[in-house]
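*Asks:* If you scroll down you'll find the structure; I have some questions about it.
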2 protein chains.
Amino acid sequence: MNGSDVICDTLIAQGVKVCFANPGTSELHLVAGMERRADLRCVLGLFEGVVTGAADGYGRMTDTPAATLLHLGPGLGNGLANLHNARRASTPIVNIVGDHATHHLPFNAPLTSDIESLARPMSDWYGRIDSVHGIVSTVADACRAATSLPGVATLVVPAEVTWGDADPVQPPSLARAAGPSSVPDREKEQRAVALLRSDRKTALFLGGRALRAETLALASDIARKTGASLLSPFANARMARGAGRPAVPRVAYATDLALAQLGQFDAIVMIGAEPPVAFFAHPGMPSRLLRDDCEVVELAAPGSNVALALESLAEHFAASRLVLDAPPARRGGDDDLPLGALTNDTLAELIVRLLPEDAIVCDEALSSVTRLFPTSYDAAPHDYLQITGGAIGIGIPLATGAAIACPGRKVVTLQADGSGMYTLQGLWTQAHENLNAITIILANRKYALLLDEMRRMGVKPPEHLARPMFDLTDPVLDWVLLAKGMGVEGARVGTAEEFIRMFKVALKRDGPFLIEAVLA
Amino acid sequence: MNGSDVICDTLIAQGVKVCFANPGTSELHLVAGMERRADLRCVLGLFEGVVTGAADGYGRMTDTPAATLLHLGPGLGNGLANLHNARRASTPIVNIVGDHATHHLPFNAPLTSDIESLARPMSDWYGRIDSVHGIVSTVADACRAATSLPGVATLVVPAEVTWGDADPVQPPSLARAAGPSSVPDREKEQRAVALLRSDRKTALFLGGRALRAETLALASDIARKTGASLLSPFANARMARGAGRPAVPRVAYATDLALAQLGQFDAIVMIGAEPPVAFFAHPGMPSRLLRDDCEVVELAAPGSNVALALESLAEHFAASRLVLDAPPARRGGDDDLPLGALTNDTLAELIVRLLPEDAIVCDEALSSVTRLFPTSYDAAPHDYLQITGGAIGIGIPLATGAAIACPGRKVVTLQADGSGMYTLQGLWTQAHENLNAITIILANRKYALLLDEMRRMGVKPPEHLARPMFDLTDPVLDWVLLAKGMGVEGARVGTAEEFIRMFKVALKRDGPFLIEAVLA
């Protein structure tokens with residue numbers, strides 16, 4: 001028995017079932033440890049951004065951490081962008097990074113780097129196993145931190161720990177109390193109750209786990225009984241959407257629109273969310289989006305037990321988890337589906353109408369199909385996952401992890417073409433694991449979001465020397481070939497009719513499929 | 001005139017001619033500044049690892065820094081692996097990272113992160129422009145640091161600096177004295193001379209810019225006149241190779257082989273290199289590769305003026321830059337080229353024989369074509385560039401930057417298939433810029449290096465549960481489709497005959513080409 005065996009056994013005892021991995025030399029003993037453990041599933045990503053994004057998707061769908069396995073500082077570096085998104089999504093992840101053997105570090109071998117400095121900005125918790133004897137406690141601490149914060153717990157494992165001799169141990173199993181825990185703050189609750197009973201225009205600002213079906217139902221009933229509005233941040237980790245769930249609007253992405261939207265509120269009660277701020281600073285625009293005189297009550301912090309806070313609040317209004325008096329899902333009915341040119345709006349409508357029951361939608365559409373969210377309140381019930389931290393290149397990996405977590409559900413990814421290129425390698429894992437993942441590439445063949453942003457800032461978009469910074473036309477990307485090159489079948493569509501046909505084909509398949517939707 | 005104009009003008013005045021970029025919202029004013037400057041060429045990468053790897057290739061071939069343009073912490077994160085390689089190669093790079101406007105940072109907007117903590121481990125210099133008034137001095141400092149260290153100078157540019165009003169300024173032009181400068185250390189030189197005059201077995205250990213044609217010729221003559229051996233590190237930024245240049249062996253990658261190789265030396269004189277250490281720690285193996293009693297003279301540190309140190313040393317032995325008494329290049333001559341199965345050795349021999357004059361070879365072959373280096377001493381003269389920091393995914397980006405730097409030369413990349421997947425997006429830039437870059441994918445369809453490492457460590461390679469961590473067979477990657485999907489033509493070859501034919505086709509073309517060599 002060696003240290004790797006103890007690490008694996010402790011992870012398993014703490015409830016970790018999947019390890020998304022891209023190992024290198026310093027992690028090979030750990031991989032050998034996994035070879036001997038059927039209850040820790042190894043999933044290979046061909047690039048670390050796929051690994052961390054998949055761990056994010058898995059964690060969002062299960063509320064339990066997957067492990068990652070990354071190789072030294074550069075491997076961690078490649079995974080940082082999607083760890084950033086995971087951290088912003090408060091996703092539980094045990095982010096395992098191998099390091100050189102401790103005695104080897106002073107020699108400054110080629111792959112040596114300051115892993116802690118790289119890891120801290122994207123980690124909610126950081127630890128390094130100091131010896132074979134410290135494995136159980138440090139691994140358990142990491143798992144506990146990932147689950148209870150919840151968030152990204154980075155665990156650095158020096159090579160000598162993985163190969164060192166170890167005695168069999170009885171790792172502590174996961175305490176049942178783990179997960180976000182906190183008692184409602186009575187003073188804040190009283191302030192919230194007073195606001196909701198007043199005639200001041202108040203919003204319940206719901207984020208994180210407050211956006212799950214049960215909590216949303218409760219919040220919706222409180223809103224109905226108090227006249228409050230429901231609102232959510234622009235970007236959310238996971239949101240229960242579709243027929244039977246309340247249609248909670250999001251804060252607009254564009255600062256001017258967000259200011260107008262939030263300016264109507266005299267007061268706002270935060271439940272699992274932080275006060276909304278501008279996504280980017282723009283010249284002459286404020287960072288803060290709430291009115292200066294808007295009263296803010298932070299009833300439940302993002303990492304706290306939002307369900308408990310909502311339940312406690314609900315008691316004041318005798319609110320309950322009523323089934324919504326909501327319209328049934330609009331389904332297609334081929335008769336009245338929009339046809340013709342594949343515009344953003346047409347595609348949004350087609351996805352709303354054709355989305356299967358209980359789908360998981362991973363949205364990295366960015367500037368495309370923006371009508372999807374405002375119109376999908378009466379799509380079939382689904383979970384809606386977004387890019388949370390603005391670090392593009394999450395769509396395909398997120399879908400990969402969600403599909404591993406929920407093999408019985410269809411995962412539908414709305415993937416902008418520009419950002420899809422950052423982590424396209426995830427398609428290989430979808431093929432390798434034969435995942436029920438449908439990727440819709442929204443091919444506008446430019447960095448359209450950046451051109452929009454330039455206009456918003458009053459800067460003239462380049463037409464000459466710097467124009468190539470925004471165009472993906474020379475050459476055009478062929479996503480059907482890219483997918484096929486990684487073993488994923490696909491098709492290109494340029495009309496609504498073609499999209500309908502291929503989306504239905506994709507839904508009937510067992511395994512991944514890619515549709516490149518060339519937008520009009 | 002705004003801050004972006006001043007930044008661009010200062011970069012240009014400091015000799016920066018190319019900006020490899022993957023900008024985001026916070027860098028848009030800078031892009032607008034580039035739109036107005038024909039003498040700062042923008043080259044788009046579809047992923048930041050391509051951007052930083054290309055800047056590395058450009059800097060290795062020109063000894064002047066390219067600029068990068070990266071978006072906030074996550075964009076920097078994606079570029080870190082290849083910055084790690086660049087730093088280990090001592091490549092001059094002005095690594096520009098946009099940040100939120102300073103007044104926006106306290107609001108912790110979704111894309112906020114600790115950029116400094118992320119940047120420091122992979123930067124030789126770090127600075128942040130504090131205001132519009134600080135632009136000229138900070139940008140010039142960054143350029144100076146990149147050139148004179150030489151190395152990676154990370155320059156953080158907050159958004160308000162890019163859009164702030166600025167007066168036209170006369171930026172300082174690049175001081176001619178820039179570049180590595182130092183005077184030879186007379187005491188160390190005397191020790192080196194004494195060693196070389198003694199009967200102790202001594203090696204000249206040459207790294208960095210000591211491996212260029214002129215310095216190598218000088219070192220070679222010193223060796224000839226003193227009986228010293230020439231030796232270089234396992235991984236080097238750029239090495240003049242081929243007929244007419246001395247055949248300098250490298251330290252072996254495998255620790256046991258390196259120990260045997262270095263164990264023969266009583267003394268070693270370091271010129272532009274650091275003492276060799278094991279690439280990885282292995283159980284029971286030392287980190288230090290030199291004998292404990294081996295005398296080490298660090299004549300010229302990696303960042304110092306190695307040419308000057310060699311010239312000064314040469315005077316003691318009346319050594320000069322003689323043309324080597326070396327065999328002429330072995331060229332193909334179709335008659336005696338090896339034919340049949342495409343083994344690693346056959347492919348190495350074919351590349352040696354068919355390599356065109358003055359080619360730039362970018363080597364990320366890892367465990368494949370390992371016979372290339374020992375046999376390419378009599379290939380046509382060429383520059384040989386390697387992965388320096390062990391952070392895989394550099395081959396295609398490095399070639400992209402080298403081809404931008406040297407448009408008249410053929411760039412031939414030896415790219416292992418597994419590591420090629422990390423930054424395959426660079427193929428699009430090769431197509432977009434119509435670069436003379438030939439990518440040879442060495443398709444062994446596994447992480448062969450890791451399986452080799454496992455065997456070396458005495459660990460049984462997995463056969464069951466963890467075996468999928470090492471295989472790229474399910475599905476097989478189709479590199480011809482992947483390349484075509486990004487606009488690069490290519491072909492798959494499985495025999496020597498096919499390789500010969502397609503390599504000749506590739507050499508005749510103007511623009512990029514990819515050959516997937518399926519190894520026997």
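A note on labels: chains of the structure tokens are A, B, ... as shown, every chain counts residues from 1, and ligands are counted from 1 in their shown order.
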Taking only segment 234-267 of chain A into account, list the residues labelled alpha helix (DSSP H) by DSSP (computed from the backbone), as a list in words.
*Replies:*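 So the alpha helix (DSSP H) residues in segment 234-267 of chain A would be Thr255, Asp256, Leu257, Ala258, Leu259, Ala260, Gln261 and Leu262 of chain A.
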*Asks:* Which residues are near Ile440 of chain B? Cut-off 6 Å, only C-alpha atoms, ignore same chain within fewer than 4 positions. Put them as a list in words.
*Replies:* Thr413, Leu414, Gln415, Leu514, Ile515 and Glu516 of chain B
*Asks:* How would the residues just chosen look if you wrote them out with N, CA and C atoms as a compact mmCIF listing (two decimals), in the first residue's frame?
*Replies:*
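What follows is the written file selection07.txt:
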# COMPACT_ATOMS: atom_id res chain seq x y z
N THR B 413 7.52 21.35 -38.17
CA THR B 413 7.18 21.04 -36.78
C THR B 413 6.99 19.55 -36.60
N LEU B 414 7.70 19.00 -35.64
CA LEU B 414 7.52 17.60 -35.27
C LEU B 414 6.64 17.58 -34.04
N GLN B 415 5.40 17.19 -34.24
CA GLN B 415 4.39 17.37 -33.20
C GLN B 415 3.81 16.03 -32.78
N LEU B 514 -0.25 19.98 -43.33
CA LEU B 514 -0.13 19.05 -42.21
C LEU B 514 -0.03 17.62 -42.72
N ILE B 515 0.92 16.89 -42.20
CA ILE B 515 1.07 15.47 -42.53
C ILE B 515 0.85 14.67 -41.25
N GLU B 516 -0.18 13.85 -41.26
CA GLU B 516 -0.38 12.95 -40.11
C GLU B 516 0.38 11.66 -40.40
*Asks:* Go through B:Leu310, B:Ala483, B:Ile222, B:Ile96 one by one, measure the shortest atom-to-atom distance of each to chain A using only C-alpha atoms, and give the residue with the smallest value.
*Replies:*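 With only C-alpha atoms as the atom set, the closest residue is B:Ala483.
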*Asks:* Hey, what's within 8 Å of Leu350 of chain A if we count only C-alpha atoms and toss same-chain stuff fewer than 3 positions away? As a PyMOL selection string, please?
*Replies:* chain A and resi 337-338+346-347+353-354+496+500
*Asks:* Taking 2 positions as the minimum chain separation for residues in the same chain, which residues sit within 8 Å of segment 2-8 of chain A when counting only C-alpha atoms? Answer as a PyMOL selection string.
*Replies:* chain A and resi 10-12+29-30+32-34+37+40+132+135-136+139+161-169
*Asks:* Could you save the residues just selected, with C-alpha atoms, as a PDB file, in the first residue's frame?
*Replies:*
ATOM      1  CA  THR A  10      -9.958   8.799   1.263  1.00  0.00           C
ATOM      2  CA  LEU A  11     -11.502  10.436  -1.797  1.00  0.00           C
ATOM      3  CA  ILE A  12     -13.882   7.506  -2.190  1.00  0.00           C
ATOM      4  CA  HIS A  29       1.447   6.634  -9.069  1.00  0.00           C
ATOM      5  CA  LEU A  30      -1.957   8.193  -8.434  1.00  0.00           C
ATOM      6  CA  ALA A  32      -1.851   3.425 -10.800  1.00  0.00           C
ATOM      7  CA  GLY A  33      -3.853   3.776  -7.570  1.00  0.00           C
ATOM      8  CA  MET A  34      -7.006   4.467  -9.560  1.00  0.00           C
ATOM      9  CA  ARG A  37     -10.382   1.143  -7.622  1.00  0.00           C
ATOM     10  CA  LEU A  40     -13.454   5.985  -8.693  1.00  0.00           C
ATOM     11  CA  VAL A 132       2.240  10.248   3.847  1.00  0.00           C
ATOM     12  CA  ILE A 135      -2.845  12.330   3.591  1.00  0.00           C
ATOM     13  CA  VAL A 136      -6.102  11.379   5.276  1.00  0.00           C
ATOM     14  CA  VAL A 139      -7.629  15.056   1.616  1.00  0.00           C
ATOM     15  CA  VAL A 161       3.601  11.299  -1.119  1.00  0.00           C
ATOM     16  CA  THR A 162       2.114   9.309  -4.010  1.00  0.00           C
ATOM     17  CA  TRP A 163       4.807   6.644  -3.961  1.00  0.00           C
ATOM     18  CA  GLY A 164       5.642   6.579  -0.247  1.00  0.00           C
ATOM     19  CA  ASP A 165       4.854   3.460   1.767  1.00  0.00           C
ATOM     20  CA  ALA A 166       1.683   3.758   3.805  1.00  0.00           C
ATOM     21  CA  ASP A 167      -0.280   1.683   6.253  1.00  0.00           C
ATOM     22  CA  PRO A 168      -3.899   0.876   5.519  1.00  0.00           C
ATOM     23  CA  VAL A 169      -6.148   3.396   7.250  1.00  0.00           C
TER      24      VAL A 169
END
*Asks:* Contacts of Thr112 of chain B at 8 Å or less, counting only C-alpha atoms, minus same-chain residues fewer than 2 places along, as an mmCIF file with N, CA and C atoms, in the first residue's frame?
*Replies:*
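What ended up in around07.cif:
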data_model
loop_
_atom_site.group_PDB
_atom_site.id
_atom_site.type_symbol
_atom_site.label_atom_id
_atom_site.label_comp_id
_atom_site.auth_asym_id
_atom_site.auth_seq_id
_atom_site.Cartn_x
_atom_site.Cartn_y
_atom_site.Cartn_z
ATOM 1 N N LEU B 72 -7.457 39.782 -19.163
ATOM 2 C CA LEU B 72 -7.677 39.564 -17.734
ATOM 3 C C LEU B 72 -7.029 38.260 -17.230
ATOM 4 N N GLY B 73 -7.347 37.910 -16.001
ATOM 5 C CA GLY B 73 -6.722 36.743 -15.374
ATOM 6 C C GLY B 73 -6.952 35.437 -16.121
ATOM 7 N N HIS B 100 -9.475 45.041 -15.600
ATOM 8 C CA HIS B 100 -10.586 45.957 -15.371
ATOM 9 C C HIS B 100 -10.038 47.354 -15.046
ATOM 10 N N LEU B 105 -12.298 47.415 -9.786
ATOM 11 C CA LEU B 105 -11.791 46.208 -9.119
ATOM 12 C C LEU B 105 -12.460 45.908 -7.774
ATOM 13 N N ASN B 108 -15.502 43.496 -7.455
ATOM 14 C CA ASN B 108 -15.415 42.041 -7.638
ATOM 15 C C ASN B 108 -16.358 41.537 -8.730
ATOM 16 N N ALA B 109 -16.341 42.232 -9.857
ATOM 17 C CA ALA B 109 -17.157 41.821 -11.009
ATOM 18 C C ALA B 109 -16.736 40.415 -11.441
ATOM 19 N N PRO B 110 -17.591 39.734 -12.216
ATOM 20 C CA PRO B 110 -17.348 38.299 -12.482
ATOM 21 C C PRO B 110 -15.950 37.969 -12.997
ATOM 22 N N ASP B 114 -6.896 37.936 -9.214
ATOM 23 C CA ASP B 114 -5.598 38.470 -8.788
ATOM 24 C C ASP B 114 -4.572 38.196 -9.886
#
*Asks:* Got a sec to tell me which of segment 208-306 of chain B DSSP assigns to strand (DSSP E or B), as a VMD selection string?
*Replies:* chain B and resid 229 to 232 239 to 241 250 267 to 271 277 288 295 to 300
*Asks:* Taking 5 positions as the minimum chain separation for residues in the same chain, which residues sit within 7 Å of segment 118-126 of chain B when counting only C-alpha atoms? Answer as a PyMOL selection string.
*Replies:* (chain A and resi 113-114+117-118) or (chain B and resi 80+83-84+87+145+151-155)
*Asks:* Grab the atom CA of Ala319 of chain A to atom CA of Ala240 of chain A distance for me, in Å with one decimal place.
*Replies:*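 Computing the Euclidean distance for atom CA of Ala319 of chain A and atom CA of Ala240 of chain A yields 19.2 Å.
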*Asks:* May I have the residues within 9 Å of Val493 of chain B as a list in words, using only C-alpha atoms and disregarding those fewer than 6 positions away in the same chain?
*Replies:* Leu342, Phe499, Met502, Ile515, Glu516, Ala517, Val518 and Leu519 of chain B
*Asks:* Write the residues of the preceding selection, restricted to N, CA, C and O atoms, as a tab-separated table (two decimals), in the first residue's frame.
*Replies:*
chain	number	residue	atom	x	y	z
B	342	LEU	N	6.61	2.95	-41.49
B	342	LEU	CA	6.97	4.26	-40.95
B	342	LEU	C	7.28	4.14	-39.45
B	342	LEU	O	6.47	4.48	-38.60
B	499	PHE	N	5.14	9.19	-47.05
B	499	PHE	CA	5.69	10.36	-46.36
B	499	PHE	C	6.58	11.17	-47.29
B	499	PHE	O	6.50	12.40	-47.34
B	502	MET	N	4.43	13.18	-49.72
B	502	MET	CA	3.66	14.29	-49.16
B	502	MET	C	4.58	15.37	-48.59
B	502	MET	O	4.25	16.56	-48.62
B	515	ILE	N	0.92	16.89	-42.20
B	515	ILE	CA	1.07	15.47	-42.53
B	515	ILE	C	0.85	14.67	-41.25
B	515	ILE	O	1.58	14.85	-40.27
B	516	GLU	N	-0.18	13.85	-41.26
B	516	GLU	CA	-0.38	12.95	-40.11
B	516	GLU	C	0.38	11.66	-40.40
B	516	GLU	O	-0.03	10.87	-41.25
B	517	ALA	N	1.49	11.48	-39.72
B	517	ALA	CA	2.32	10.29	-39.92
B	517	ALA	C	1.89	9.23	-38.91
B	517	ALA	O	2.17	9.36	-37.71
B	518	VAL	N	1.19	8.23	-39.38
B	518	VAL	CA	0.73	7.15	-38.49
B	518	VAL	C	1.90	6.18	-38.31
B	518	VAL	O	2.31	5.53	-39.26
B	519	LEU	N	2.40	6.14	-37.10
B	519	LEU	CA	3.64	5.39	-36.85
B	519	LEU	C	3.37	3.91	-36.71
B	519	LEU	O	2.36	3.49	-36.14
*Asks:* Could you check the closest approach to Asp199 of chain B for each of B:Asp452, B:Glu214, B:Asp266, B:Glu187 and tell me which residue wins, using only C-alpha atoms?
*Replies:*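 Smallest distance to Asp199 of chain B is found for B:Asp266.
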*Asks:* Can you measure atom CA of Gly272 of chain B to atom CA of Arg209 of chain B for me? One decimal in Å is fine.
*Replies:* 6.8 Å
*Asks:* Determine the nearest neighbour of chain B from the options A:His464, A:Lys446, A:Arg250, A:Arg238, counting only C-alpha atoms.
*Replies:*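 Between A:His464, A:Lys446, A:Arg250, A:Arg238, the residue approaching chain B most closely is A:His464.
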*Asks:* One decimal, Å: what's the distance from atom CA of Phe205 of chain A over to atom CA of Met239 of chain A, could you say?
*Replies:*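 Going from atom CA of Phe205 of chain A over to atom CA of Met239 of chain A, I get 13.3 Å.
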*Asks:* Nearest to chain A among B:Glu311, B:Asp221, B:Glu27, B:Asp334, with distances taken over only C-alpha atoms: which residue is it?
*Replies:*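 So, comparing all the options, the nearest one is B:Glu27.
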